[in-house]
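Colleague: Structure file structure.txt, compact mmCIF, C-alpha atoms, is pasted below:
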```txt
# COMPACT_ATOMS: atom_id res chain seq x y z
CA MET T 1 0.00 0.00 0.00
CA ALA T 2 1.37 3.39 -0.92
CA ALA T 3 2.21 5.77 1.91
CA THR T 4 -0.25 8.62 2.47
CA SER T 5 1.17 11.83 1.06
CA ARG T 6 1.53 14.78 3.36
CA THR T 7 1.65 18.44 2.53
CA PRO T 8 5.20 19.69 3.04
CA ALA T 9 5.90 21.77 6.11
CA ILE T 10 6.15 25.51 5.65
CA GLU T 11 8.21 28.17 7.43
CA LEU T 12 6.50 31.19 8.95
CA ASP T 13 8.51 34.32 9.66
CA VAL T 14 6.85 35.75 12.78
CA ASP T 15 8.50 39.04 13.62
CA GLY T 16 11.92 37.61 12.85
CA TYR T 17 11.39 34.21 14.48
CA ASP T 18 11.17 31.13 12.26
CA VAL T 19 8.22 28.88 13.08
CA ARG T 20 7.97 25.60 11.20
CA LEU T 21 4.38 24.54 10.56
CA THR T 22 3.88 20.89 9.71
CA ASN T 23 0.70 19.51 8.07
CA PRO T 24 -0.51 23.02 7.17
CA ASP T 25 -3.43 21.65 5.11
CA ARG T 26 -4.84 19.44 7.86
CA VAL T 27 -8.49 20.43 8.37
CA TYR T 28 -9.05 21.66 11.92
CA PHE T 29 -12.58 23.10 11.66
CA SER T 30 -14.96 20.89 9.76
CA GLU T 31 -17.91 23.27 9.31
CA ARG T 32 -16.12 25.40 6.71
CA GLY T 33 -12.92 23.43 6.26
CA GLU T 34 -10.35 25.79 7.79
CA THR T 35 -6.93 24.25 8.19
CA LYS T 36 -4.03 24.39 10.59
CA LEU T 37 -2.51 27.12 8.40
CA ASP T 38 -5.77 29.07 8.54
CA LEU T 39 -5.63 28.83 12.32
CA ALA T 40 -2.05 30.12 12.38
CA ASN T 41 -2.96 32.97 10.02
CA TYR T 42 -5.93 33.87 12.21
CA TYR T 43 -3.70 34.29 15.26
CA LEU T 44 -1.20 36.31 13.24
CA SER T 45 -4.05 38.60 12.12
CA VAL T 46 -5.04 39.40 15.72
CA GLY T 47 -1.47 39.37 17.02
CA PRO T 48 -1.52 42.40 19.35
CA GLY T 49 -4.81 41.24 20.83
CA ILE T 50 -3.87 37.65 21.61
CA VAL T 51 -0.41 38.60 22.90
CA GLY T 52 -1.93 41.29 25.10
CA ALA T 53 -4.38 38.77 26.55
CA LEU T 54 -1.65 36.21 27.29
CA ARG T 55 1.44 38.28 28.06
CA ASP T 56 3.41 37.02 31.07
CA ARG T 57 0.59 34.71 32.22
CA PRO T 58 0.95 30.99 32.86
CA CYS T 59 -1.05 29.40 30.06
CA MET T 60 -2.69 26.02 29.75
CA LEU T 61 -3.06 24.78 26.18
CA HIS T 62 -6.02 22.92 24.69
CA ARG T 63 -4.48 20.92 21.85
CA PHE T 64 -6.30 19.04 19.08
CA PRO T 65 -3.69 17.01 17.17
CA LYS T 66 -6.24 15.75 14.61
CA GLY T 67 -8.43 18.85 14.49
CA VAL T 68 -11.36 19.76 16.71
CA ASP T 69 -13.40 16.69 15.74
CA GLY T 70 -10.66 14.56 17.30
CA ASP T 71 -9.45 14.12 20.85
CA LYS T 72 -8.49 17.10 23.00
CA VAL T 73 -5.31 17.24 25.08
CA HIS T 74 -5.21 19.52 28.14
CA GLN T 75 -1.56 20.53 28.40
CA LYS T 76 -0.21 22.29 31.47
CA ARG T 77 3.47 21.63 30.90
CA LEU T 78 5.17 23.10 27.87
CA PRO T 79 5.17 20.50 25.08
CA ALA T 80 8.54 18.96 24.28
CA GLY T 81 10.61 20.37 21.46
CA ALA T 82 10.11 24.06 22.13
CA PRO T 83 12.72 26.38 20.61
CA PRO T 84 14.98 28.17 23.11
CA TRP T 85 13.18 31.48 22.65
CA VAL T 86 9.88 30.17 24.06
CA GLU T 87 9.58 31.16 27.73
CA THR T 88 7.92 29.36 30.62
CA VAL T 89 6.83 30.12 34.17
CA ARG T 90 7.04 27.53 36.95
CA LEU T 91 3.93 26.85 39.01
CA HIS T 92 3.71 24.74 42.16
CA PHE T 93 0.79 22.54 43.15
CA PRO T 94 1.27 21.85 46.88
CA ARG T 95 -1.72 19.52 47.13
CA TYR T 96 0.03 17.06 44.83
CA GLY T 97 3.64 17.96 45.54
CA LEU T 98 4.15 18.74 41.86
CA HIS T 99 5.21 21.62 39.66
CA ALA T 100 4.64 22.53 36.03
CA ASP T 101 6.56 24.77 33.65
CA GLU T 102 3.75 26.36 31.63
CA LEU T 103 3.97 28.39 28.46
CA CYS T 104 4.45 32.10 29.18
CA VAL T 105 3.73 34.13 26.05
CA THR T 106 5.83 37.22 25.52
CA LYS T 107 5.59 37.57 21.72
CA LEU T 108 3.51 36.47 18.77
CA ALA T 109 5.99 33.79 17.71
CA ASP T 110 5.17 31.92 20.94
CA VAL T 111 1.53 31.76 19.89
CA ALA T 112 2.44 30.57 16.40
CA TRP T 113 4.69 27.85 17.82
CA ALA T 114 1.83 26.70 20.08
CA VAL T 115 -0.36 26.39 16.98
CA GLN T 116 2.35 24.22 15.43
CA MET T 117 1.91 22.02 18.50
CA SER T 118 -1.82 21.77 17.58
CA THR T 119 -3.03 24.31 20.14
CA VAL T 120 -6.45 25.75 19.34
CA GLU T 121 -7.45 27.26 22.70
CA PHE T 122 -5.29 29.37 25.05
CA HIS T 123 -6.37 29.36 28.71
CA PRO T 124 -4.24 31.78 30.77
CA TRP T 125 -4.18 32.26 34.52
CA ASN T 126 -5.54 35.53 35.90
CA SER T 127 -2.13 36.32 37.40
CA ARG T 128 1.20 37.27 35.89
CA ARG T 129 4.80 36.54 36.64
CA PRO T 130 6.62 37.18 38.83
CA GLU T 131 3.69 37.33 41.31
CA THR T 132 1.74 34.34 40.04
CA GLU T 133 0.02 33.87 43.43
CA GLU T 134 -1.59 37.34 43.25
CA PRO T 135 -4.18 37.86 40.50
CA ASP T 136 -4.23 41.11 38.54
CA GLU T 137 -7.42 40.19 36.68
CA TRP T 138 -10.89 39.74 38.15
CA ARG T 139 -13.05 37.62 35.85
CA ILE T 140 -16.84 37.82 35.72
CA ASP T 141 -18.18 34.70 34.01
CA LEU T 142 -21.80 34.89 32.87
CA ASP T 143 -22.50 31.19 32.40
CA PRO T 144 -25.94 30.24 31.04
CA MET T 145 -27.64 27.02 32.02
CA PRO T 146 -28.86 24.80 29.14
CA LYS T 147 -32.22 26.55 28.62
CA CYS T 148 -31.06 30.08 29.41
CA PRO T 149 -31.55 32.33 26.36
CA PHE T 150 -28.83 34.69 25.21
CA THR T 151 -31.15 37.62 25.94
CA THR T 152 -30.75 36.78 29.63
CA VAL T 153 -26.97 36.81 29.23
CA GLN T 154 -27.27 40.27 27.66
CA ARG T 155 -29.45 41.55 30.53
CA ALA T 156 -26.99 40.20 33.07
CA ALA T 157 -24.10 41.84 31.23
CA HIS T 158 -25.84 45.21 31.45
CA ALA T 159 -26.59 44.69 35.15
CA ALA T 160 -22.94 43.83 35.77
CA HIS T 161 -21.89 46.91 33.82
CA GLU T 162 -24.20 49.06 35.94
CA VAL T 163 -22.69 47.73 39.17
CA LEU T 164 -19.16 48.17 37.86
CA GLU T 165 -19.85 51.80 36.96
CA GLU T 166 -21.24 52.44 40.44
CA LEU T 167 -18.03 51.00 41.87
CA GLY T 168 -15.87 53.11 39.56
CA ALA T 169 -14.48 50.01 37.85
CA VAL T 170 -13.97 49.57 34.11
CA GLY T 171 -15.24 46.28 32.71
CA TRP T 172 -13.99 44.81 29.44
CA PRO T 173 -16.62 42.48 27.92
CA LYS T 174 -16.15 39.63 25.49
CA THR T 175 -18.08 36.68 24.22
CA SER T 176 -17.02 33.35 25.67
CA GLY T 177 -16.90 31.69 22.28
CA GLY T 178 -19.87 29.67 23.44
CA ARG T 179 -23.26 30.79 24.79
CA GLY T 180 -22.01 33.04 27.58
CA MET T 181 -20.08 36.23 28.14
CA HIS T 182 -17.05 37.23 30.18
CA ILE T 183 -16.17 40.61 31.67
CA TYR T 184 -12.60 41.28 32.79
CA VAL T 185 -11.50 43.94 35.27
CA ARG T 186 -7.86 44.80 35.89
CA ILE T 187 -7.16 44.91 39.64
CA LYS T 188 -4.28 45.80 41.92
CA GLN T 189 -1.97 42.81 42.19
CA GLU T 190 -1.92 42.65 45.97
CA HIS T 191 -4.38 39.91 47.04
CA GLY T 192 -4.33 36.13 46.88
CA PHE T 193 -6.75 33.97 44.93
CA LYS T 194 -9.08 33.28 47.88
CA THR T 195 -9.51 36.99 48.57
CA VAL T 196 -10.21 37.81 44.92
CA ARG T 197 -12.67 34.92 44.73
CA ARG T 198 -14.45 36.23 47.84
CA ALA T 199 -14.72 39.68 46.25
CA ALA T 200 -16.03 38.12 43.03
CA LEU T 201 -18.75 36.30 44.97
CA ALA T 202 -19.84 39.55 46.66
CA PHE T 203 -20.16 41.16 43.22
CA ALA T 204 -22.07 38.18 41.84
CA ARG T 205 -24.55 38.39 44.72
CA GLU T 206 -25.19 42.05 43.91
CA VAL T 207 -25.96 41.18 40.28
CA GLU T 208 -28.25 38.41 41.57
CA ARG T 209 -30.11 40.94 43.75
CA ARG T 210 -30.77 43.12 40.73
CA LEU T 211 -31.96 40.28 38.49
CA PRO T 212 -33.41 37.76 40.97
CA ASP T 213 -35.56 36.01 38.37
CA ASP T 214 -32.66 35.47 35.97
CA VAL T 215 -29.40 35.23 37.90
CA THR T 216 -28.14 32.77 40.48
CA THR T 217 -25.00 32.31 42.54
CA ALA T 218 -26.05 28.82 43.73
CA TRP T 219 -22.89 26.74 43.72
CA TRP T 220 -24.45 23.31 43.18
CA ARG T 221 -25.84 22.71 39.72
CA LYS T 222 -28.86 20.87 41.17
CA ASP T 223 -29.88 24.12 42.87
CA ARG T 224 -30.07 26.08 39.59
CA ALA T 225 -33.02 26.23 37.22
CA PRO T 226 -32.35 25.24 33.59
CA THR T 227 -33.16 28.83 32.56
CA ASP T 228 -30.81 30.45 35.10
CA LEU T 229 -27.74 32.52 34.39
CA PHE T 230 -24.98 31.49 36.81
CA VAL T 231 -22.39 34.13 37.71
CA ASP T 232 -19.45 31.78 38.16
CA TYR T 233 -17.28 33.51 40.74
CA ASN T 234 -15.17 30.36 41.11
CA GLN T 235 -13.39 31.19 37.85
CA ASN T 236 -11.21 33.39 40.09
CA ALA T 237 -9.93 30.42 42.08
CA ARG T 238 -6.32 29.30 41.75
CA ASP T 239 -5.60 27.21 38.64
CA HIS T 240 -9.03 27.90 37.14
CA THR T 241 -8.66 29.24 33.64
CA MET T 242 -10.89 30.51 30.86
CA ALA T 243 -10.34 31.01 27.16
CA ALA T 244 -8.43 34.23 26.54
CA ALA T 245 -9.71 37.17 24.56
CA TYR T 246 -9.18 36.28 20.87
CA SER T 247 -8.76 32.59 21.65
CA VAL T 248 -10.40 30.26 19.16
CA ARG T 249 -12.66 27.62 20.70
CA GLY T 250 -12.47 23.93 19.92
CA ASN T 251 -15.68 23.52 17.94
CA ARG T 252 -16.47 22.77 14.30
CA ARG T 253 -17.39 26.40 13.59
CA GLY T 254 -14.15 27.86 14.93
CA THR T 255 -15.84 30.45 17.13
CA VAL T 256 -13.73 33.04 18.92
CA SER T 257 -13.89 34.57 22.38
CA ALA T 258 -14.33 38.06 20.95
CA PRO T 259 -13.93 41.39 22.71
CA VAL T 260 -16.95 43.62 22.16
CA SER T 261 -17.91 47.16 23.13
CA TRP T 262 -20.69 47.81 25.62
CA ASP T 263 -22.69 49.45 22.85
CA GLU T 264 -22.66 46.17 20.90
CA VAL T 265 -23.94 43.90 23.65
CA ASP T 266 -27.62 44.05 22.64
CA ASP T 267 -26.91 43.33 18.98
CA ILE T 268 -24.30 40.57 18.98
CA GLU T 269 -24.78 36.92 18.09
CA PRO T 270 -21.90 34.89 19.55
CA ASP T 271 -21.72 32.53 16.57
CA ASP T 272 -20.92 35.48 14.30
CA PHE T 273 -17.40 35.73 15.75
CA THR T 274 -15.23 33.10 14.07
CA ILE T 275 -11.75 32.70 12.63
CA ALA T 276 -13.34 33.62 9.29
CA THR T 277 -14.85 36.94 10.46
CA MET T 278 -12.51 38.16 13.20
CA PRO T 279 -9.50 39.17 11.04
CA ASP T 280 -11.53 41.82 9.22
CA ARG T 281 -13.13 42.98 12.48
CA PHE T 282 -9.70 43.32 14.12
CA ALA T 283 -8.35 45.21 11.10
CA ARG T 284 -11.25 47.68 11.39
CA LEU T 285 -11.50 48.07 15.16
CA GLY T 286 -8.13 47.03 16.56
CA ASP T 287 -7.87 45.51 20.02
CA LEU T 288 -10.97 46.50 22.01
CA HIS T 289 -9.18 45.43 25.21
CA ALA T 290 -6.08 47.51 24.52
CA GLY T 291 -6.62 49.89 27.45
CA ILE T 292 -7.23 47.32 30.16
CA ASP T 293 -3.83 47.69 31.85
CA GLU T 294 -4.45 51.40 32.40
CA ALA T 295 -7.78 50.90 34.23
CA VAL T 296 -6.76 49.31 37.55
CA PHE T 297 -9.43 48.83 40.24
CA ASP T 298 -9.01 48.39 44.01
CA ILE T 299 -11.31 45.58 45.19
CA ALA T 300 -11.61 46.99 48.75
CA PRO T 301 -15.31 47.95 48.28
CA LEU T 302 -16.11 44.39 47.22
CA LEU T 303 -14.42 43.01 50.32
CA GLU T 304 -16.59 45.34 52.41
CA TRP T 305 -19.62 43.89 50.62
CA ALA T 306 -18.35 40.40 51.42
CA ASP T 307 -18.00 41.32 55.12
CA ARG T 308 -21.57 42.67 55.10
CA ASP T 309 -22.97 39.59 53.40
CA GLU T 310 -21.27 37.27 55.86
CA ARG T 311 -22.52 39.29 58.85
CA GLU T 312 -26.02 38.91 57.41
CA GLY T 313 -25.64 35.15 57.25
CA GLN T 314 -24.50 34.53 53.68
CA PRO T 315 -22.28 31.45 53.61
CA VAL T 316 -18.55 31.74 53.14
CA PRO T 317 -17.59 29.75 50.04
CA ASP T 318 -15.78 26.49 50.71
CA ASP T 319 -12.24 26.02 49.53
CA GLU T 320 -12.28 24.41 46.11
```
Could the structure of this file be written out as structure tokens, please?
Modeller:
Amino acid sequence: MAATSRTPAIELDVDGYDVRLTNPDRVYFSERGETKLDLANYYLSVGPGIVGALRDRPCMLHRFPKGVDGDKVHQKRLPAGAPPWVETVRLHFPRYGLHADELCVTKLADVAWAVQMSTVEFHPWNSRRPETEEPDEWRIDLDPMPKCPFTTVQRAAHAAHEVLEELGAVGWPKTSGGRGMHIYVRIKQEHGFKTVRRAALAFAREVERRLPDDVTTAWWRKDRAPTDLFVDYNQNARDHTMAAAYSVRGNRRGTVSAPVSWDEVDDIEPDDFTIATMPDRFARLGDLHAGIDEAVFDIAPLLEWADRDEREGQPVPDDE
């Protein structure tokens, strides 16, 4: 039997770094037939955005060696064979007595090399080196239950925006790449994960108060209605990660976790943001999260809310 022919590898020049891309014609996204090379070109087209979202953060990789219809590999440790210019950050996991040297993106070539290693999704921590135990990003995850319509997600996003404005915090919204939305807030890098998670829960409870028929903070899934919108404060716990802004998601359509403006929230359809549509959008609008590092919020008011809630009998969240 004759050997199966393979498309020759190609060399990408990414800002002066050579990245070898093997199997460039392998189909990764079966709905429209985009390939591994299309995926690499997508990330190059949104380069400042994806690098800004990942810069100096430990990053877990979701790899799909045969494309997104195949098996997924969750990769904490940097895959073998990395060139010397790819940087890592070491994380410790005391519960297991282990450590992991995770990818730490500092430039676009790092992202392109990760695509060569079949990475589709980039899931960074909400902390940066050198202080990886102190988050600088508070993440608001609007997570719809199976029968929750996207209109509820949109209402919850506006309620969250209203609360953020009252606090004097700047929120940076994006689609999740699925049915939900995320809002990121840059915070002072001076608290541990448990403290940030406690602040995030206090905020989630305030959104729940404003939309009691739509929003829940109930931790156990059995306690949520199928139409509920869960504000998942636990995404701020240590070693919990979410898809970065501009990250592609591992589905047949190749949807993207897309930054949006607040003015767009009522009009967006999450499935409209894909690797096919985002390059033109980025060329027109640039990085909608570009100013996030200049809008730093002090979470002290949220910790006061948490103290109040606990005095009034609200439970303290268990350690994960």
Colleague: Using all atoms listed in the file, which protein or nucleic acid residues come within 7 Å of Ala53 in chain T? Drop anything in the same chain fewer than 3 positions from it, and give the result as a ChimeraX atom specification.
Modeller: /T:49-50,244-245
Colleague: For range 95-141 of chain T against range 184-190 of chain T, with a cut-off of 6 Å and counting only C-alpha atoms, what is the closest atom pair and its distance in Å to one decimal for every residue that makes the cut, ordered by chain and number, as CSV?
Modeller:
```
residue,atom,partner,partner_atom,distance
T:Glu134,CA,T:Gln189,CA,5.6
T:Pro135,CA,T:Gln189,CA,5.7
T:Asp136,CA,T:Gln189,CA,4.6
T:Glu137,CA,T:Arg186,CA,4.7
T:Trp138,CA,T:Val185,CA,5.1
T:Arg139,CA,T:Tyr184,CA,4.8
```
Colleague: Give me, please, the distance in Å between CA of Asp38 in chain T and CA of Ser176 in chain T, quoted to one decimal.
Modeller: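 These two atoms are separated by 20.9 Å.
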Colleague: Using the file's own x, y and z axes, so that the box edges lie along x, y and z, what centre and edge lengths in Å (one decimal) does a box around every listed atom of range 162-165 of chain T get when 8 Å is added on each side? Give it as AutoDock Vina command-line options.
Modeller:
```
--center_x -21.7 --center_y 49.8 --center_z 37.6 --size_x 21.0 --size_y 20.1 --size_z 19.2
```
Colleague: Using all atoms listed in the file, tabulate the residues of range 103-185 of chain T lying at most 8 Å from any atom of range 71-88 of chain T, each with its closest atom pair and that distance in Å to one decimal, by chain and increasing residue number, as CSV.
Modeller:
```
residue,atom,partner,partner_atom,distance
T:Leu103,CA,T:Thr88,CA,4.6
T:Cys104,CA,T:Thr88,CA,4.6
T:Val105,CA,T:Glu87,CA,6.8
T:Thr106,CA,T:Glu87,CA,7.5
T:Asp110,CA,T:Val86,CA,5.9
T:Trp113,CA,T:Ala82,CA,7.9
T:Met117,CA,T:Pro79,CA,7.5
```
Colleague: Show me, as a list in words, the residues that have an atom within 9 Å of Gly178 in chain T when counting all atoms listed in the file, minus same-chain residues fewer than 2 positions from it.
Modeller: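 Listing them by chain and then by number gives Thr175, Ser176, Gly180, Met181, Arg249, Thr255, Val256, Ser257, Pro270 and Asp271 of chain T.
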